[in-house]
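The data block below is target.pdb; it holds PDB, C-alpha atoms and all ligand atoms.
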ATOM      1  CA  THR A   1     -26.117 -13.973   6.116  1.00  0.00           C
ATOM      2  CA  GLN A   2     -22.900 -14.860   4.325  1.00  0.00           C
ATOM      3  CA  SER A   3     -19.628 -13.369   5.573  1.00  0.00           C
ATOM      4  CA  THR A   4     -17.340 -11.603   3.136  1.00  0.00           C
ATOM      5  CA  ARG A   5     -13.698 -12.531   2.479  1.00  0.00           C
ATOM      6  CA  PRO A   6     -12.421  -9.435   4.318  1.00  0.00           C
ATOM      7  CA  GLN A   7     -14.604 -10.382   7.306  1.00  0.00           C
ATOM      8  CA  ARG A   8     -13.146 -13.906   7.294  1.00  0.00           C
ATOM      9  CA  LEU A   9      -9.626 -12.440   7.026  1.00  0.00           C
ATOM     10  CA  LEU A  10     -10.348 -10.225  10.080  1.00  0.00           C
ATOM     11  CA  GLY A  11     -11.623 -13.302  11.924  1.00  0.00           C
ATOM     12  CA  ALA A  12      -8.328 -15.078  11.233  1.00  0.00           C
ATOM     13  CA  VAL A  13      -6.426 -12.094  12.656  1.00  0.00           C
ATOM     14  CA  GLN A  14      -8.588 -11.958  15.806  1.00  0.00           C
ATOM     15  CA  LYS A  15      -8.237 -15.742  16.251  1.00  0.00           C
ATOM     16  CA  ASN A  16      -4.519 -16.201  15.493  1.00  0.00           C
ATOM     17  CA  ALA A  17      -2.715 -12.891  16.062  1.00  0.00           C
ATOM     18  CA  THR A  18      -1.691 -11.285  19.360  1.00  0.00           C
ATOM     19  CA  ARG A  19      -3.228  -7.873  20.086  1.00  0.00           C
ATOM     20  CA  GLY A  20      -0.583  -5.148  19.823  1.00  0.00           C
ATOM     21  CA  ASP A  21       1.832  -7.351  17.855  1.00  0.00           C
ATOM     22  CA  PRO A  22       1.932  -6.132  14.215  1.00  0.00           C
ATOM     23  CA  ARG A  23       4.197  -8.927  12.990  1.00  0.00           C
ATOM     24  CA  SER A  24       1.751 -11.566  14.309  1.00  0.00           C
ATOM     25  CA  VAL A  25      -1.058  -9.768  12.422  1.00  0.00           C
ATOM     26  CA  VAL A  26       0.982  -9.881   9.198  1.00  0.00           C
ATOM     27  CA  LYS A  27       1.780 -13.566   9.772  1.00  0.00           C
ATOM     28  CA  ALA A  28      -1.861 -14.475  10.522  1.00  0.00           C
ATOM     29  CA  ILE A  29      -3.042 -12.833   7.285  1.00  0.00           C
ATOM     30  CA  ASP A  30      -0.329 -14.518   5.203  1.00  0.00           C
ATOM     31  CA  GLU A  31      -1.186 -17.947   6.703  1.00  0.00           C
ATOM     32  CA  PHE A  32      -4.902 -17.380   6.043  1.00  0.00           C
ATOM     33  CA  CYS A  33      -4.326 -16.280   2.448  1.00  0.00           C
ATOM     34  CA  ARG A  34      -1.844 -19.054   1.686  1.00  0.00           C
ATOM     35  CA  HIS A  35      -3.815 -21.920   3.236  1.00  0.00           C
ATOM     36  CA  LYS A  36      -7.459 -20.821   3.349  1.00  0.00           C
ATOM     37  CA  GLU A  37      -8.428 -18.038   0.927  1.00  0.00           C
ATOM     38  CA  TRP A  38      -6.380 -15.988  -1.523  1.00  0.00           C
ATOM     39  CA  ALA A  39      -6.738 -12.234  -0.989  1.00  0.00           C
ATOM     40  CA  MET A  40      -5.059  -9.271  -2.676  1.00  0.00           C
ATOM     41  CA  ASN A  41      -2.604  -8.309   0.082  1.00  0.00           C
ATOM     42  CA  VAL A  42       0.894  -7.449  -1.126  1.00  0.00           C
ATOM     43  CA  GLY A  43       1.916 -10.700   0.617  1.00  0.00           C
ATOM     44  CA  ASP A  44       5.141 -11.864   2.228  1.00  0.00           C
ATOM     45  CA  GLU A  45       7.486 -12.082  -0.772  1.00  0.00           C
ATOM     46  CA  LYS A  46       6.757  -8.590  -2.114  1.00  0.00           C
ATOM     47  CA  GLY A  47       6.243  -7.555   1.530  1.00  0.00           C
ATOM     48  CA  CYS A  48       9.917  -8.198   2.266  1.00  0.00           C
ATOM     49  CA  ILE A  49      10.883  -5.909  -0.630  1.00  0.00           C
ATOM     50  CA  LEU A  50       8.456  -3.300   0.775  1.00  0.00           C
ATOM     51  CA  ASP A  51      10.075  -3.699   4.216  1.00  0.00           C
ATOM     52  CA  SER A  52      13.551  -3.075   2.798  1.00  0.00           C
ATOM     53  CA  VAL A  53      12.468   0.056   0.906  1.00  0.00           C
ATOM     54  CA  VAL A  54      10.744   1.455   4.032  1.00  0.00           C
ATOM     55  CA  SER A  55      13.626   0.601   6.367  1.00  0.00           C
ATOM     56  CA  GLU A  56      16.228   2.132   4.037  1.00  0.00           C
ATOM     57  CA  LEU A  57      14.156   5.321   3.530  1.00  0.00           C
ATOM     58  CA  ASN A  58      13.056   5.760   7.159  1.00  0.00           C
ATOM     59  CA  PRO A  59      10.177   8.007   6.006  1.00  0.00           C
ATOM     60  CA  ALA A  60       8.476  10.584   8.240  1.00  0.00           C
ATOM     61  CA  THR A  61       5.366  10.845   6.048  1.00  0.00           C
ATOM     62  CA  VAL A  62       3.917   7.947   4.067  1.00  0.00           C
ATOM     63  CA  LEU A  63       0.844   7.893   1.810  1.00  0.00           C
ATOM     64  CA  GLU A  64      -0.676   4.517   0.951  1.00  0.00           C
ATOM     65  CA  LEU A  65      -3.170   4.416  -1.916  1.00  0.00           C
ATOM     66  CA  GLY A  66      -5.385   1.359  -1.427  1.00  0.00           C
ATOM     67  CA  THR A  67      -5.739   0.014   2.119  1.00  0.00           C
ATOM     68  CA  TYR A  68      -7.836  -3.098   1.397  1.00  0.00           C
ATOM     69  CA  CYS A  69      -7.704  -4.998   4.738  1.00  0.00           C
ATOM     70  CA  GLY A  70      -4.719  -3.102   6.123  1.00  0.00           C
ATOM     71  CA  TYR A  71      -2.009  -5.761   5.614  1.00  0.00           C
ATOM     72  CA  SER A  72       0.574  -3.447   4.027  1.00  0.00           C
ATOM     73  CA  THR A  73      -0.629  -0.574   6.212  1.00  0.00           C
ATOM     74  CA  VAL A  74       0.335  -2.558   9.318  1.00  0.00           C
ATOM     75  CA  ARG A  75       3.507  -3.871   7.663  1.00  0.00           C
ATOM     76  CA  ILE A  76       4.728  -0.356   6.803  1.00  0.00           C
ATOM     77  CA  ALA A  77       3.621   1.326  10.049  1.00  0.00           C
ATOM     78  CA  SER A  78       5.397  -1.308  12.164  1.00  0.00           C
ATOM     79  CA  LEU A  79       8.698  -0.125  10.629  1.00  0.00           C
ATOM     80  CA  LEU A  80       8.198   3.655  11.000  1.00  0.00           C
ATOM     81  CA  PRO A  81      10.145   5.806  13.454  1.00  0.00           C
ATOM     82  CA  PRO A  82       8.258   7.144  16.566  1.00  0.00           C
ATOM     83  CA  HIS A  83       6.693  10.364  15.201  1.00  0.00           C
ATOM     84  CA  ALA A  84       6.229   9.226  11.608  1.00  0.00           C
ATOM     85  CA  LYS A  85       2.723   9.202  10.110  1.00  0.00           C
ATOM     86  CA  LEU A  86       1.046   6.973   7.546  1.00  0.00           C
ATOM     87  CA  ILE A  87      -2.081   8.174   5.753  1.00  0.00           C
ATOM     88  CA  THR A  88      -3.948   5.437   3.914  1.00  0.00           C
ATOM     89  CA  LEU A  89      -6.801   6.035   1.448  1.00  0.00           C
ATOM     90  CA  GLU A  90      -9.458   3.398   0.774  1.00  0.00           C
ATOM     91  CA  PHE A  91     -12.383   3.935  -1.620  1.00  0.00           C
ATOM     92  CA  ASN A  92     -14.392   0.831  -0.630  1.00  0.00           C
ATOM     93  CA  PRO A  93     -16.289   1.370   2.672  1.00  0.00           C
ATOM     94  CA  ASP A  94     -16.495  -2.357   3.448  1.00  0.00           C
ATOM     95  CA  TYR A  95     -12.729  -2.724   3.097  1.00  0.00           C
ATOM     96  CA  ALA A  96     -12.178   0.410   5.207  1.00  0.00           C
ATOM     97  CA  LYS A  97     -14.332  -1.004   8.034  1.00  0.00           C
ATOM     98  CA  ILE A  98     -12.231  -4.207   8.134  1.00  0.00           C
ATOM     99  CA  ALA A  99      -8.900  -2.400   7.784  1.00  0.00           C
ATOM    100  CA  CYS A 100      -9.792  -0.148  10.728  1.00  0.00           C
ATOM    101  CA  GLN A 101     -10.219  -3.244  12.938  1.00  0.00           C
ATOM    102  CA  VAL A 102      -7.044  -4.936  11.662  1.00  0.00           C
ATOM    103  CA  ILE A 103      -5.079  -1.734  12.381  1.00  0.00           C
ATOM    104  CA  ALA A 104      -6.611  -1.581  15.894  1.00  0.00           C
ATOM    105  CA  TRP A 105      -5.721  -5.246  16.545  1.00  0.00           C
ATOM    106  CA  ALA A 106      -2.114  -4.443  15.635  1.00  0.00           C
ATOM    107  CA  GLY A 107      -2.210  -1.465  18.033  1.00  0.00           C
ATOM    108  CA  LEU A 108      -1.059   0.982  15.369  1.00  0.00           C
ATOM    109  CA  GLU A 109      -3.932   3.481  15.490  1.00  0.00           C
ATOM    110  CA  ASP A 110      -1.600   6.294  16.612  1.00  0.00           C
ATOM    111  CA  LYS A 111       0.637   6.003  13.535  1.00  0.00           C
ATOM    112  CA  ILE A 112      -2.060   5.456  10.931  1.00  0.00           C
ATOM    113  CA  GLN A 113      -4.787   7.747   9.605  1.00  0.00           C
ATOM    114  CA  LEU A 114      -7.306   5.765   7.537  1.00  0.00           C
ATOM    115  CA  VAL A 115      -9.403   7.906   5.175  1.00  0.00           C
ATOM    116  CA  GLU A 116     -12.386   6.567   3.265  1.00  0.00           C
ATOM    117  CA  GLY A 117     -12.649   8.166  -0.151  1.00  0.00           C
ATOM    118  CA  SER A 118     -11.033   8.431  -3.561  1.00  0.00           C
ATOM    119  CA  SER A 119      -7.403   9.354  -4.213  1.00  0.00           C
ATOM    120  CA  ALA A 120      -8.563  11.899  -6.801  1.00  0.00           C
ATOM    121  CA  GLU A 121     -10.615  13.636  -4.121  1.00  0.00           C
ATOM    122  CA  TRP A 122      -8.113  13.438  -1.252  1.00  0.00           C
ATOM    123  CA  ILE A 123      -4.674  13.953  -2.840  1.00  0.00           C
ATOM    124  CA  PRO A 124      -5.488  17.642  -3.513  1.00  0.00           C
ATOM    125  CA  LYS A 125      -6.544  17.984   0.146  1.00  0.00           C
ATOM    126  CA  MET A 126      -3.409  16.418   1.693  1.00  0.00           C
ATOM    127  CA  LYS A 127      -1.753  19.727   2.615  1.00  0.00           C
ATOM    128  CA  GLU A 128      -4.733  21.667   3.933  1.00  0.00           C
ATOM    129  CA  HIS A 129      -6.572  18.746   5.567  1.00  0.00           C
ATOM    130  CA  PHE A 130      -3.725  16.643   6.988  1.00  0.00           C
ATOM    131  CA  GLY A 131      -1.039  19.308   7.372  1.00  0.00           C
ATOM    132  CA  VAL A 132       1.197  17.279   5.061  1.00  0.00           C
ATOM    133  CA  LYS A 133       4.077  19.329   3.595  1.00  0.00           C
ATOM    134  CA  MET A 134       5.789  16.656   1.494  1.00  0.00           C
ATOM    135  CA  LEU A 135       5.470  12.894   1.048  1.00  0.00           C
ATOM    136  CA  ASP A 136       8.596  10.800   1.631  1.00  0.00           C
ATOM    137  CA  LEU A 137       7.020   7.575   0.383  1.00  0.00           C
ATOM    138  CA  VAL A 138       3.888   6.724  -1.620  1.00  0.00           C
ATOM    139  CA  PHE A 139       2.877   3.044  -1.729  1.00  0.00           C
ATOM    140  CA  MET A 140       0.579   2.654  -4.747  1.00  0.00           C
ATOM    141  CA  ASP A 141      -1.652  -0.385  -4.393  1.00  0.00           C
ATOM    142  CA  HIS A 142      -5.157   0.733  -5.296  1.00  0.00           C
ATOM    143  CA  TRP A 143      -6.180   0.366  -8.939  1.00  0.00           C
ATOM    144  CA  LYS A 144      -3.824  -0.027 -11.931  1.00  0.00           C
ATOM    145  CA  ASP A 145      -5.708   2.529 -14.079  1.00  0.00           C
ATOM    146  CA  ASP A 146      -5.290   5.198 -11.388  1.00  0.00           C
ATOM    147  CA  TYR A 147      -1.512   4.821 -10.908  1.00  0.00           C
ATOM    148  CA  LEU A 148      -0.587   7.253 -13.706  1.00  0.00           C
ATOM    149  CA  PRO A 149      -3.265   9.942 -13.182  1.00  0.00           C
ATOM    150  CA  ASP A 150      -2.610   9.891  -9.426  1.00  0.00           C
ATOM    151  CA  THR A 151       1.157  10.221  -9.963  1.00  0.00           C
ATOM    152  CA  LYS A 152       0.559  13.299 -12.121  1.00  0.00           C
ATOM    153  CA  LEU A 153      -1.810  14.636  -9.449  1.00  0.00           C
ATOM    154  CA  LEU A 154       0.829  14.126  -6.733  1.00  0.00           C
ATOM    155  CA  GLU A 155       3.323  16.085  -8.886  1.00  0.00           C
ATOM    156  CA  ASP A 156       0.833  18.868  -9.648  1.00  0.00           C
ATOM    157  CA  CYS A 157      -0.133  19.228  -5.970  1.00  0.00           C
ATOM    158  CA  GLY A 158       3.546  19.754  -5.064  1.00  0.00           C
ATOM    159  CA  LEU A 159       3.566  16.750  -2.731  1.00  0.00           C
ATOM    160  CA  LEU A 160       6.796  15.243  -4.098  1.00  0.00           C
ATOM    161  CA  ARG A 161      10.265  16.535  -3.278  1.00  0.00           C
ATOM    162  CA  LYS A 162      13.728  15.547  -4.540  1.00  0.00           C
ATOM    163  CA  GLY A 163      14.133  12.023  -3.133  1.00  0.00           C
ATOM    164  CA  SER A 164      10.437  11.177  -2.642  1.00  0.00           C
ATOM    165  CA  VAL A 165       9.856   7.513  -3.461  1.00  0.00           C
ATOM    166  CA  LEU A 166       6.898   6.009  -5.339  1.00  0.00           C
ATOM    167  CA  LEU A 167       6.589   2.242  -4.775  1.00  0.00           C
ATOM    168  CA  ALA A 168       3.958   0.599  -6.964  1.00  0.00           C
ATOM    169  CA  ASP A 169       2.547  -2.901  -6.482  1.00  0.00           C
ATOM    170  CA  ASN A 170       1.235  -5.082  -9.340  1.00  0.00           C
ATOM    171  CA  VAL A 171       3.110  -3.420 -12.152  1.00  0.00           C
ATOM    172  CA  ILE A 172       3.061  -6.788 -14.003  1.00  0.00           C
ATOM    173  CA  CYS A 173      -0.079  -8.499 -12.630  1.00  0.00           C
ATOM    174  CA  PRO A 174      -2.687  -7.082 -13.110  1.00  0.00           C
ATOM    175  CA  GLY A 175      -0.185  -4.646 -14.686  1.00  0.00           C
ATOM    176  CA  SER A 176       0.021  -0.909 -15.206  1.00  0.00           C
ATOM    177  CA  PRO A 177       1.851  -0.467 -18.533  1.00  0.00           C
ATOM    178  CA  ASP A 178       1.106   3.234 -18.982  1.00  0.00           C
ATOM    179  CA  TYR A 179       2.462   3.965 -15.467  1.00  0.00           C
ATOM    180  CA  LEU A 180       5.606   1.903 -16.106  1.00  0.00           C
ATOM    181  CA  LYS A 181       6.265   3.658 -19.401  1.00  0.00           C
ATOM    182  CA  TYR A 182       5.842   7.055 -17.736  1.00  0.00           C
ATOM    183  CA  VAL A 183       8.154   6.587 -14.734  1.00  0.00           C
ATOM    184  CA  ARG A 184      10.775   4.677 -16.777  1.00  0.00           C
ATOM    185  CA  ARG A 185      10.933   7.282 -19.556  1.00  0.00           C
ATOM    186  CA  SER A 186      10.556  10.448 -17.509  1.00  0.00           C
ATOM    187  CA  PRO A 187      13.803  12.335 -16.751  1.00  0.00           C
ATOM    188  CA  ARG A 188      12.162  13.309 -13.445  1.00  0.00           C
ATOM    189  CA  TYR A 189      12.303   9.754 -12.056  1.00  0.00           C
ATOM    190  CA  LYS A 190      14.989   7.151 -11.395  1.00  0.00           C
ATOM    191  CA  SER A 191      13.054   3.888 -11.693  1.00  0.00           C
ATOM    192  CA  GLN A 192      13.943   0.344 -10.612  1.00  0.00           C
ATOM    193  CA  TYR A 193      12.000  -2.921 -11.009  1.00  0.00           C
ATOM    194  CA  PHE A 194      11.999  -5.493  -8.171  1.00  0.00           C
ATOM    195  CA  ARG A 195      10.965  -8.797  -9.739  1.00  0.00           C
ATOM    196  CA  SER A 196       8.821 -11.015  -7.522  1.00  0.00           C
ATOM    197  CA  HIS A 197       5.578 -12.999  -7.669  1.00  0.00           C
ATOM    198  CA  LEU A 198       1.884 -12.268  -7.350  1.00  0.00           C
ATOM    199  CA  GLU A 199       1.020 -12.741  -3.696  1.00  0.00           C
ATOM    200  CA  TYR A 200       0.652 -16.412  -2.649  1.00  0.00           C
ATOM    201  CA  THR A 201       1.154 -17.629  -6.255  1.00  0.00           C
ATOM    202  CA  LYS A 202       3.889 -18.528  -8.751  1.00  0.00           C
ATOM    203  CA  ALA A 203       2.756 -15.927 -11.285  1.00  0.00           C
ATOM    204  CA  GLU A 204       5.220 -13.149 -12.047  1.00  0.00           C
ATOM    205  CA  ASP A 205       4.627  -9.741 -10.532  1.00  0.00           C
ATOM    206  CA  GLY A 206       6.854  -7.049  -9.115  1.00  0.00           C
ATOM    207  CA  LEU A 207       7.232  -3.688  -7.442  1.00  0.00           C
ATOM    208  CA  GLU A 208       8.484  -0.598  -9.286  1.00  0.00           C
ATOM    209  CA  LYS A 209      10.444   1.842  -7.124  1.00  0.00           C
ATOM    210  CA  SER A 210      10.681   5.324  -8.640  1.00  0.00           C
ATOM    211  CA  VAL A 211      12.663   8.122  -6.972  1.00  0.00           C
ATOM    212  CA  PHE A 212      11.467  11.632  -7.831  1.00  0.00           C
ATOM    213  CA  LEU A 213      14.441  13.756  -8.897  1.00  0.00           C
ATOM    214  CA  GLY A 214      12.739  17.142  -8.419  1.00  0.00           C
TER     215      GLY A 214
HETATM  216  O1  LIG A 301      -6.972  -4.442  -7.661  1.00  0.00           O
HETATM  217  C1  LIG A 301      -5.929  -4.597  -6.988  1.00  0.00           C
HETATM  218  N1  LIG A 301      -5.499  -3.595  -6.169  1.00  0.00           N
HETATM  219  C2  LIG A 301      -4.354  -3.739  -5.444  1.00  0.00           C
HETATM  220  N2  LIG A 301      -3.620  -4.838  -5.425  1.00  0.00           N
HETATM  221  C3  LIG A 301      -4.013  -5.907  -6.207  1.00  0.00           C
HETATM  222  C4  LIG A 301      -3.251  -7.094  -6.186  1.00  0.00           C
HETATM  223  O2  LIG A 301      -2.140  -7.125  -5.376  1.00  0.00           O
HETATM  224  C5  LIG A 301      -3.626  -8.191  -6.953  1.00  0.00           C
HETATM  225  C6  LIG A 301      -4.769  -8.121  -7.763  1.00  0.00           C
HETATM  226  C7  LIG A 301      -5.150  -9.290  -8.577  1.00  0.00           C
HETATM  227  C8  LIG A 301      -4.172 -10.004  -9.265  1.00  0.00           C
HETATM  228  C9  LIG A 301      -4.514 -11.138 -10.016  1.00  0.00           C
HETATM  229  C10 LIG A 301      -5.843 -11.526 -10.068  1.00  0.00           C
HETATM  230  F1  LIG A 301      -6.187 -12.627 -10.773  1.00  0.00           F
HETATM  231  C11 LIG A 301      -6.833 -10.819  -9.392  1.00  0.00           C
HETATM  232  C12 LIG A 301      -6.476  -9.697  -8.638  1.00  0.00           C
HETATM  233  C13 LIG A 301      -5.539  -6.947  -7.783  1.00  0.00           C
HETATM  234  C14 LIG A 301      -5.165  -5.843  -7.017  1.00  0.00           C
HETATM  235 MG    MG A 302      -1.535  -5.144  -4.761  1.00  0.00          MG
END

Any chance you could give the structure as structure tokens?
Amino acid sequence: TQSTRPQRLLGAVQKNATRGDPRSVVKAIDEFCRHKEWAMNVGDEKGCILDSVVSELNPATVLELGTYCGYSTVRIASLLPPHAKLITLEFNPDYAKIACQVIAWAGLEDKIQLVEGSSAEWIPKMKEHFGVKMLDLVFMDHWKDDYLPDTKLLEDCGLLRKGSVLLADNVICPGSPDYLKYVRRSPRYKSQYFRSHLEYTKAEDGLEKSVFLG
């Protein structure tokens, strides 16, 4: 039977990356996606912007919406301090199965909790189910139409504190205009656009960093 693209991406990791070495996992995926098959990882150019936001923030609790194959999950977790936790939500069970193995190959199972399900279902359960008090960073990379409703849900569930950072991928391509309008107009956010390119292409895309002001 035919393999899927995520399965082929996992194969590239297992073939070319060193077990327990997150940076080699990131590199193997970028090489595969640049030279073999495009895939919707945040990629290396936007990934460097992601790295700088994470390193500057030094977050204790991170929520990632949209795991896909675990590329940004591994990239973020490799930069977290010792007791920090990253919870990543993935709706697609096939993606979750691959991401779990990519995370294991990187040796980051202890820092990452991968949950299969929808953000709408799990955001309201963050406190009771994961013992999360507040989120220091939310990396939004799931589906453009869910960015705005999920942001409002995060606010309503009291998961954001003064200084919490929302970092959204793909605000230009595929684009999330309603989300951009909301965070840029709202007096409750200080928003900043980091211009870049759609992963592995020359098309414009970027990350929007929005600090919650409380
Ligand atoms: O659906 C997406 N979720 C999260 N990230 C994405 C991402 O980085 C890129 C794209 C994407 C962009 C252009 C295209 F022609 C086809 C797909 C989709 C997602
Ligand atoms: Mg993306």

I need the residue nearest Leu9 in chain A from this list: A:Thr73, A:Gln101, A:Asn58, A:Thr88. Use all atoms listed in the file for the distance.
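The answer is A:Gln101, which sits nearest to Leu9 in chain A.
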
Running the PyMOL selection byres (((chain A and resi 113-120) around 8) and not hetatm) on this model by hand, what would come out? Give it as a compact mmCIF listing (two decimals) with C-alpha atoms, in the coordinates of the input.
# COMPACT_ATOMS: atom_id res chain seq x y z
CA LEU A 65 -3.17 4.42 -1.92
CA LYS A 85 2.72 9.20 10.11
CA LEU A 86 1.05 6.97 7.55
CA ILE A 87 -2.08 8.17 5.75
CA THR A 88 -3.95 5.44 3.91
CA LEU A 89 -6.80 6.04 1.45
CA GLU A 90 -9.46 3.40 0.77
CA PHE A 91 -12.38 3.94 -1.62
CA ASN A 92 -14.39 0.83 -0.63
CA PRO A 93 -16.29 1.37 2.67
CA ALA A 96 -12.18 0.41 5.21
CA CYS A 100 -9.79 -0.15 10.73
CA GLU A 109 -3.93 3.48 15.49
CA ASP A 110 -1.60 6.29 16.61
CA LYS A 111 0.64 6.00 13.54
CA ILE A 112 -2.06 5.46 10.93
CA GLU A 121 -10.62 13.64 -4.12
CA TRP A 122 -8.11 13.44 -1.25
CA ILE A 123 -4.67 13.95 -2.84
CA PRO A 124 -5.49 17.64 -3.51
CA ASP A 150 -2.61 9.89 -9.43
CA LEU A 153 -1.81 14.64 -9.45

Selection result of the PyMOL selection byres (((chain A and resi 40) around 10) and not hetatm) on this file, as a PyMOL selection string:
chain A and resi 33+38-39+41-43+68-69+71+141+198-200

Expand the PyMOL selection byres (((chain A and resi 169) around 12) and not hetatm) into the explicit residue set it covers here, and present it as a ChimeraX atom specification.
/A:40-43,45-47,49-50,64-66,72,138-144,147,166-168,170-176,179-180,193-199,204-210

Ligand MG 302 (chain A) proximity check over A:Asp44, A:Asp136, A:Asp156, A:Asp178, using all atoms listed in the file: winner is A:Asp44

Edge lengths and centre, in Å to one decimal, as AutoDock Vina command-line options: that's what I need for the box along x, y and z that holds all listed atoms of ligand LIG 301 (chain A) plus 3 Å on each side.
--center_x -4.6 --center_y -8.1 --center_z -8.1 --size_x 10.8 --size_y 15.0 --size_z 11.4

Got a sec to check which residues sit within 7 Å of (0.4, -8.6, 6.6), counting all atoms listed in the file, and write them as a list in words?
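Within 7 Å of (0.4, -8.6, 6.6), the protein and nucleic acid residues are Val25, Val26, Lys27, Ile29, Asp30, Gly43, Tyr71, Ser72, Val74 and Arg75 of chain A.
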
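Pairwise distance (CA of Arg185 in chain A, CA of Leu159 in chain A) equals 20.7 Å.
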
In Å, how far is it from CA of Glu31 in chain A to CA of Arg8 in chain A?
12.6 Å

Coordinates-based distance that separates CA of Lys162 in chain A from atom C5 of ligand LIG 301 (chain A) (Å, one decimal)
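Computing it gives 29.5 Å between the two atoms.
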
I'd like to know which of A:Gly70, A:Gly214, A:Pro177, A:Pro149 is closest to ligand MG 302 (chain A), using all atoms listed in the file.
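Residue with the minimum atom-to-atom distance to ligand MG 302 (chain A): A:Gly70.
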
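Proximity of A:Thr18, A:Ser24, A:Ser52, A:Thr201 to ligand LIG 301 (chain A), computed with all atoms listed in the file, is greatest for A:Thr201.
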
Between A:Phe212, A:Phe32, A:Tyr95, A:Phe130, single out the one closest to ligand LIG 301 (chain A), counting all atoms listed in the file.
A:Tyr95

When you count only C-alpha atoms and all ligand atoms, which of these residues is closest to ligand LIG 301 (chain A): A:Ala84, A:Ala203, A:Leu148, A:Ile103?
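Smallest distance to ligand LIG 301 (chain A) is found for A:Ala203.
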